[in-house]
>>> print(open('my_file_32.csv').read())   # CSV, C-alpha atoms and all ligand atoms
chain,number,residue,atom,x,y,z
E,1,MET,CA,36.1,-0.9,99.3
E,2,ILE,CA,39.8,-1.6,98.6
E,3,ILE,CA,40.5,-4.0,95.8
E,4,GLN,CA,43.9,-5.7,95.8
E,5,VAL,CA,45.7,-8.4,93.9
E,6,GLN,CA,48.2,-10.8,95.4
E,7,ARG,CA,50.1,-13.7,94.0
E,8,GLY,CA,50.0,-16.9,96.1
E,9,ASP,CA,48.1,-19.7,97.8
E,10,ILE,CA,44.7,-18.7,99.2
E,11,THR,CA,44.9,-21.3,102.0
E,12,LYS,CA,47.6,-19.1,103.6
E,13,ILE,CA,45.6,-15.8,103.5
E,14,LYS,CA,44.4,-14.4,106.9
E,15,VAL,CA,41.1,-12.7,106.0
E,16,ASP,CA,37.6,-13.0,107.4
E,17,ALA,CA,36.6,-15.2,104.5
E,18,ILE,CA,38.3,-17.0,101.6
E,19,VAL,CA,36.3,-18.2,98.7
E,20,ASN,CA,36.5,-21.7,97.4
E,21,ALA,CA,35.9,-22.6,93.7
E,22,ALA,CA,33.9,-25.7,94.5
E,23,ASN,CA,31.6,-28.0,92.5
E,24,SER,CA,27.9,-28.5,93.0
E,25,SER,CA,28.4,-31.6,95.1
E,26,LEU,CA,30.2,-29.5,97.7
E,27,LEU,CA,32.2,-32.6,98.6
E,28,GLY,CA,35.6,-31.5,97.4
E,29,GLY,CA,37.7,-32.0,94.3
E,30,GLY,CA,41.0,-30.9,92.8
E,31,GLY,CA,42.6,-27.4,92.4
E,32,VAL,CA,41.9,-24.8,95.0
E,33,ASP,CA,39.0,-26.9,96.4
E,34,GLY,CA,41.4,-29.8,97.0
E,35,ALA,CA,43.9,-27.5,98.7
E,36,ILE,CA,41.3,-25.9,101.0
E,37,HIS,CA,39.9,-29.3,102.2
E,38,ARG,CA,43.4,-30.8,102.5
E,39,ILE,CA,44.8,-28.0,104.6
E,40,GLY,CA,41.6,-26.9,106.3
E,41,GLY,CA,40.8,-30.4,107.6
E,42,PRO,CA,37.7,-32.5,108.1
E,43,GLU,CA,35.6,-29.9,109.8
E,44,ILE,CA,35.0,-28.1,106.5
E,45,PHE,CA,34.0,-31.3,104.8
E,46,ASP,CA,31.6,-32.1,107.6
E,47,GLU,CA,29.8,-28.8,107.3
E,48,CYS,CA,29.7,-29.1,103.5
E,49,ARG,CA,28.1,-32.5,103.9
E,50,ASP,CA,25.5,-31.1,106.4
E,51,ILE,CA,24.6,-28.3,104.0
E,52,ARG,CA,24.3,-30.7,101.1
E,53,ASN,CA,22.1,-33.0,103.2
E,54,ARG,CA,19.8,-30.0,104.0
E,55,GLN,CA,19.6,-28.3,100.6
E,56,GLY,CA,21.0,-30.7,98.1
E,57,ASN,CA,23.5,-29.6,95.4
E,58,CYS,CA,24.8,-26.0,95.3
E,59,LYS,CA,23.7,-24.6,92.0
E,60,THR,CA,26.1,-22.8,89.6
E,61,GLY,CA,26.6,-19.2,90.7
E,62,GLU,CA,25.3,-19.8,94.2
E,63,ALA,CA,27.4,-19.8,97.4
E,64,VAL,CA,27.3,-21.3,100.9
E,65,MET,CA,29.5,-20.7,104.0
E,66,THR,CA,31.3,-23.0,106.4
E,67,THR,CA,34.0,-22.8,109.1
E,68,ALA,CA,37.6,-22.5,107.8
E,69,GLY,CA,38.8,-25.4,110.0
E,70,ASN,CA,42.5,-25.2,110.4
E,71,LEU,CA,43.0,-22.4,107.9
E,72,PRO,CA,44.1,-18.9,109.1
E,73,ALA,CA,40.9,-17.4,107.6
E,74,GLN,CA,37.7,-17.3,109.7
E,75,LYS,CA,35.2,-18.7,107.2
E,76,VAL,CA,35.2,-20.4,103.8
E,77,ILE,CA,32.6,-19.3,101.2
E,78,HIS,CA,32.1,-22.1,98.7
E,79,THR,CA,30.8,-21.0,95.3
E,80,VAL,CA,30.3,-23.0,92.2
E,81,GLY,CA,31.6,-21.5,89.0
E,82,PRO,CA,30.4,-22.3,85.5
E,83,VAL,CA,32.1,-24.8,83.3
E,84,TYR,CA,33.2,-22.9,80.2
E,85,ASN,CA,31.8,-24.1,76.9
E,86,GLY,CA,31.7,-20.8,75.1
E,87,GLY,CA,29.4,-20.8,72.0
E,88,LYS,CA,25.7,-20.3,72.5
E,89,ARG,CA,25.7,-20.4,76.2
E,90,LEU,CA,28.4,-17.8,76.7
E,91,GLY,CA,26.0,-15.1,78.0
E,92,GLN,CA,24.7,-17.5,80.7
E,93,GLU,CA,28.2,-18.6,81.6
E,94,LYS,CA,29.3,-15.0,82.1
E,95,GLN,CA,26.3,-14.2,84.2
E,96,ALA,CA,26.9,-17.3,86.3
E,97,LEU,CA,30.5,-16.3,87.0
E,98,ALA,CA,29.4,-12.8,88.0
E,99,ASN,CA,26.8,-14.4,90.3
E,100,CYS,CA,29.6,-16.3,92.1
E,101,TYR,CA,31.2,-13.0,93.1
E,102,ILE,CA,27.9,-11.3,93.9
E,103,ASN,CA,26.6,-14.2,96.0
E,104,SER,CA,29.9,-14.6,97.9
E,105,LEU,CA,29.9,-10.9,98.7
E,106,LYS,CA,26.3,-11.0,99.8
E,107,LEU,CA,27.1,-13.9,102.2
E,108,ALA,CA,30.1,-12.0,103.5
E,109,GLU,CA,27.8,-8.9,104.1
E,110,MET,CA,25.1,-11.0,105.8
E,111,ASN,CA,27.7,-12.4,108.2
E,112,ASN,CA,29.4,-9.1,108.8
E,113,LEU,CA,32.7,-10.2,107.3
E,114,LYS,CA,34.9,-7.3,106.3
E,115,SER,CA,37.7,-8.9,104.3
E,116,ILE,CA,37.3,-11.5,101.6
E,117,ALA,CA,39.8,-13.2,99.3
E,118,PHE,CA,38.8,-14.7,95.9
E,119,PRO,CA,40.6,-17.3,93.8
E,120,ASN,CA,40.3,-16.9,90.0
E,121,ILE,CA,37.0,-18.9,89.9
E,122,SER,CA,36.5,-21.2,86.9
E,123,THR,CA,39.8,-20.5,85.3
E,124,GLY,CA,41.4,-23.9,86.1
E,125,ILE,CA,39.6,-27.2,85.7
E,126,TYR,CA,36.5,-25.3,84.4
E,127,ARG,CA,38.5,-23.7,81.6
E,128,PHE,CA,37.1,-20.2,81.6
E,129,PRO,CA,39.4,-17.9,79.6
E,130,LYS,CA,41.5,-16.0,82.1
E,131,ASP,CA,41.2,-12.6,80.6
E,132,LEU,CA,37.5,-12.7,80.2
E,133,ALA,CA,37.1,-14.2,83.8
E,134,ALA,CA,39.2,-11.4,85.2
E,135,ASN,CA,37.1,-8.7,83.4
E,136,ILE,CA,34.0,-10.2,84.9
E,137,ALA,CA,35.5,-10.6,88.4
E,138,ILE,CA,36.9,-7.0,88.5
E,139,GLU,CA,33.8,-5.4,87.1
E,140,THR,CA,31.4,-7.3,89.3
E,141,VAL,CA,33.4,-6.6,92.5
E,142,SER,CA,33.9,-3.0,91.6
E,143,ASN,CA,30.2,-2.5,91.1
E,144,PHE,CA,29.2,-4.1,94.4
E,145,LYS,CA,28.6,-1.3,96.7
E,146,SER,CA,29.0,-2.5,100.3
E,147,GLU,CA,28.8,-0.8,103.7
E,148,ILE,CA,30.3,-3.8,105.3
E,149,VAL,CA,33.0,-5.4,103.1
E,150,GLU,CA,36.0,-3.2,103.2
E,151,GLU,CA,38.7,-5.3,101.5
E,152,VAL,CA,38.7,-7.7,98.5
E,153,ILE,CA,41.8,-9.5,97.6
E,154,PHE,CA,42.2,-11.4,94.3
E,155,VAL,CA,44.6,-14.2,95.1
E,156,CYS,CA,46.3,-15.4,91.9
E,157,PHE,CA,48.0,-18.8,92.1
E,158,ASP,CA,49.3,-18.8,88.6
E,159,GLU,CA,51.6,-16.2,87.0
E,160,GLU,CA,49.3,-15.7,84.0
E,161,ASN,CA,46.3,-14.7,86.2
E,162,TYR,CA,48.5,-12.5,88.4
E,163,ASN,CA,49.9,-10.6,85.4
E,164,ILE,CA,46.3,-10.1,84.0
E,165,TYR,CA,45.0,-8.8,87.3
E,166,LYS,CA,48.0,-6.6,87.9
E,167,ALA,CA,47.6,-4.9,84.5
E,168,LYS,CA,43.8,-4.5,84.9
E,169,LEU,CA,44.0,-3.1,88.4
E,170,LYS,CA,46.8,-0.6,87.7
Z,201,LIG,N1,45.2,-20.8,96.0
Z,201,LIG,C1,44.7,-20.0,95.1
Z,201,LIG,N2,44.3,-20.3,93.9
Z,201,LIG,C2,44.5,-21.6,93.5
Z,201,LIG,C3,45.0,-22.6,94.4
Z,201,LIG,C4,45.4,-22.1,95.7
Z,201,LIG,N3,45.9,-23.0,96.6
Z,201,LIG,N4,45.1,-23.7,93.7
Z,201,LIG,C5,44.7,-23.5,92.4
Z,201,LIG,N5,44.3,-22.2,92.3
Z,201,LIG,P1,40.4,-24.6,89.9
Z,201,LIG,P2,37.7,-24.2,88.7
Z,201,LIG,C6,43.8,-21.5,91.1
Z,201,LIG,O1,40.7,-25.7,89.0
Z,201,LIG,O2,38.3,-23.9,87.4
Z,201,LIG,C7,37.7,-28.6,91.5
Z,201,LIG,O3,37.9,-29.9,91.3
Z,201,LIG,C8,44.0,-22.0,89.8
Z,201,LIG,O4,45.3,-21.6,89.3
Z,201,LIG,O5,40.7,-24.8,91.4
Z,201,LIG,O6,36.6,-23.2,89.3
Z,201,LIG,C9,36.3,-28.3,92.0
Z,201,LIG,O7,35.9,-29.3,92.9
Z,201,LIG,C10,42.9,-21.3,89.0
Z,201,LIG,O8,43.3,-20.1,88.5
Z,201,LIG,O9,38.8,-24.3,89.9
Z,201,LIG,C11,35.5,-28.2,90.8
Z,201,LIG,O10,35.2,-29.5,90.3
Z,201,LIG,C12,41.8,-21.1,90.0
Z,201,LIG,O11,42.4,-21.4,91.3
Z,201,LIG,C13,36.5,-27.6,89.8
Z,201,LIG,O12,37.8,-27.9,90.3
Z,201,LIG,C14,40.6,-22.0,89.8
Z,201,LIG,O13,41.0,-23.3,89.4
Z,201,LIG,C15,36.3,-26.1,89.7
Z,201,LIG,O14,37.1,-25.6,88.7
>>> encode(input="my_file_32.csv", output="structure tokens")
Amino acid sequence: MIIQVQRGDITKIKVDAIVNAANSSLLGGGGVDGAIHRIGGPEIFDECRDIRNRQGNCKTGEAVMTTAGNLPAQKVIHTVGPVYNGGKRLGQEKQALANCYINSLKLAEMNNLKSIAFPNISTGIYRFPKDLAANIAIETVSNFKSEIVEEVIFVCFDEENYNIYKAKLK
């Protein structure tokens, strides 16, 4: 599996699946979630609503998949990162963030998707420290042995995340 880092906007990336940093309602929000729904169009929202009607909220660390609507990617995998509060729950928050990467990769595998792009889940509105989140993301993806997924791209929107990933993946 090739692991790469790229600076930019994940809505522009042409891969089999891009990952969305969603919230448990699956009904959209700000940040990367807002951009994906805005540019991908209403088809994504409709499928999210159908999933929600079937299974209820998406729990933290879990992932679901929809069409990518008007985006250049084929599919969107929506995962719900943990809100960072640090303190006593840090162990749980770290595991939940790792689960986002694991469950997204598992969904990609189950659907025979070979290339997947991740945003820096939880490091925006959910306030996860960027360096810690990058360690978890890189370690989790590196340890995921896949016969199907061939390429993982970390798409960093902000310069701080980009510099962190570039240094760690050198
Ligand atoms: N492409 C790639 N990355 C982006 C983009 C983009 N177009 N836009 C922002 N980022 P955030 P979270 C980066 O806040 O912290 C939403 O309201 C951003 O720089 O999008 O997981 C959801 O509905 C940051 O590094 O997601 C949830 O309620 C990273 O994406 C909540 O925010 C994640 O920032 C989820 O919070």
>>> closest_residue(input="my_file_32.csv", among="E:Thr11, E:Asn135, E:Ser25, E:Asn70", to="Asp50 of chain E", atoms="only C-alpha atoms")
E:Ser25
>>> residues_near_ligand(input="my_file_32.csv", ligand="ligand LIG 201 (chain Z)", cutoff="8 Å", atoms="all atoms listed in the file", output="number ranges by chain")
E: 8-11, 20-24, 26-36, 80-83, 118-128, 130, 155-158, 161
>>> closest_residue(input="my_file_32.csv", among="E:Ile138, E:Val19, E:Gln92, E:Glu160", to="Leu107 of chain E", atoms="only C-alpha atoms")
E:Val19
>>> residues_around(input="my_file_32.csv", residues="Ala17 of chain E", least_positions_apart="5", cutoff="6 Å", atoms="only C-alpha atoms", output="VMD selection string")
chain E and resid 73 to 76 116
>>> atom_distance(input="my_file_32.csv", atom1="atom CA of Arg89 of chain E", atom2="atom CA of Ala63 of chain E")
21.3 Å
>>> residues_around(input="my_file_32.csv", residues="Pro72 of chain E", least_positions_apart="5", cutoff="10 Å", atoms="all atoms listed in the file", output="ChimeraX atom specification")
/E:10-18,40
>>> closest_residue(input="my_file_32.csv", among="E:Cys100, E:Leu132, E:Glu109, E:Cys48", to="Thr66 of chain E", atoms="only C-alpha atoms")
E:Cys48
>>> closest_residue(input="my_file_32.csv", among="E:Lys166, E:Lys106, E:His78, E:Lys94", to="Glu47 of chain E", atoms="only C-alpha atoms")
E:His78
>>> closest_residue(input="my_file_32.csv", among="E:Ala117, E:Met110, E:Ala96, E:Leu105", to="Val152 of chain E", atoms="all atoms listed in the file")
E:Ala117
>>> atom_distance(input="my_file_32.csv", atom1="atom CA of Leu169 of chain E", atom2="atom CA of Phe144 of chain E")
16.0 Å
>>> atom_distance(input="my_file_32.csv", atom1="atom CA of Thr67 of chain E", atom2="atom CA of Ile44 of chain E")
6.0 Å
>>> residues_near_point(input="my_file_32.csv", point="(31.9, -11.3, 93.8)", cutoff="7 Å", atoms="all atoms listed in the file", output="count of residues only")
11
>>> closest_residue(input="my_file_32.csv", among="E:Asp131, E:Gly56, E:Gly61, E:Leu71", to="Glu43 of chain E", atoms="only C-alpha atoms")
E:Leu71
>>> decode(input="my_file_32.csv", residues="segment 40-86 of chain E", atoms="C-alpha atoms", output="PDB file, in the first residue's frame")
ATOM      1  CA  GLY E  40     -21.193  16.912  -4.289  1.00  0.00           C
ATOM      2  CA  GLY E  41     -24.833  17.956  -4.429  1.00  0.00           C
ATOM      3  CA  PRO E  42     -28.125  16.631  -3.032  1.00  0.00           C
ATOM      4  CA  GLU E  43     -27.637  12.980  -4.021  1.00  0.00           C
ATOM      5  CA  ILE E  44     -25.136  12.585  -1.171  1.00  0.00           C
ATOM      6  CA  PHE E  45     -27.537  14.118   1.336  1.00  0.00           C
ATOM      7  CA  ASP E  46     -30.388  11.894   0.130  1.00  0.00           C
ATOM      8  CA  GLU E  47     -28.338   8.726   0.632  1.00  0.00           C
ATOM      9  CA  CYS E  48     -27.143   9.933   4.049  1.00  0.00           C
ATOM     10  CA  ARG E  49     -30.748  10.555   5.071  1.00  0.00           C
ATOM     11  CA  ASP E  50     -31.766   7.061   3.864  1.00  0.00           C
ATOM     12  CA  ILE E  51     -28.937   5.467   5.875  1.00  0.00           C
ATOM     13  CA  ARG E  52     -29.950   7.473   8.911  1.00  0.00           C
ATOM     14  CA  ASN E  53     -33.579   6.423   8.514  1.00  0.00           C
ATOM     15  CA  ARG E  54     -32.468   2.779   8.345  1.00  0.00           C
ATOM     16  CA  GLN E  55     -29.880   2.663  11.118  1.00  0.00           C
ATOM     17  CA  GLY E  56     -30.177   5.884  13.117  1.00  0.00           C
ATOM     18  CA  ASN E  57     -27.146   7.947  14.059  1.00  0.00           C
ATOM     19  CA  CYS E  58     -23.675   6.896  12.961  1.00  0.00           C
ATOM     20  CA  LYS E  59     -21.656   6.274  16.122  1.00  0.00           C
ATOM     21  CA  THR E  60     -18.252   7.821  16.751  1.00  0.00           C
ATOM     22  CA  GLY E  61     -15.548   5.776  15.025  1.00  0.00           C
ATOM     23  CA  GLU E  62     -17.967   4.106  12.613  1.00  0.00           C
ATOM     24  CA  ALA E  63     -18.312   4.672   8.869  1.00  0.00           C
ATOM     25  CA  VAL E  64     -20.955   4.482   6.139  1.00  0.00           C
ATOM     26  CA  MET E  65     -20.726   4.893   2.374  1.00  0.00           C
ATOM     27  CA  THR E  66     -22.690   6.870  -0.219  1.00  0.00           C
ATOM     28  CA  THR E  67     -22.392   7.994  -3.809  1.00  0.00           C
ATOM     29  CA  ALA E  68     -20.048  10.910  -4.449  1.00  0.00           C
ATOM     30  CA  GLY E  69     -22.672  12.795  -6.464  1.00  0.00           C
ATOM     31  CA  ASN E  70     -20.995  15.466  -8.599  1.00  0.00           C
ATOM     32  CA  LEU E  71     -17.538  14.961  -7.092  1.00  0.00           C
ATOM     33  CA  PRO E  72     -14.716  13.430  -9.147  1.00  0.00           C
ATOM     34  CA  ALA E  73     -14.367  10.566  -6.639  1.00  0.00           C
ATOM     35  CA  GLN E  74     -16.579   7.480  -7.018  1.00  0.00           C
ATOM     36  CA  LYS E  75     -17.777   7.174  -3.440  1.00  0.00           C
ATOM     37  CA  VAL E  76     -17.832   9.104  -0.163  1.00  0.00           C
ATOM     38  CA  ILE E  77     -17.147   7.258   3.068  1.00  0.00           C
ATOM     39  CA  HIS E  78     -18.602   9.227   5.973  1.00  0.00           C
ATOM     40  CA  THR E  79     -16.962   8.629   9.318  1.00  0.00           C
ATOM     41  CA  VAL E  80     -17.550  10.318  12.657  1.00  0.00           C
ATOM     42  CA  GLY E  81     -14.437  11.424  14.484  1.00  0.00           C
ATOM     43  CA  PRO E  82     -14.270  11.962  18.241  1.00  0.00           C
ATOM     44  CA  VAL E  83     -14.661  15.400  19.767  1.00  0.00           C
ATOM     45  CA  TYR E  84     -11.404  16.068  21.639  1.00  0.00           C
ATOM     46  CA  ASN E  85     -11.757  16.711  25.327  1.00  0.00           C
ATOM     47  CA  GLY E  86      -8.431  15.284  26.470  1.00  0.00           C
TER      48      GLY E  86
END
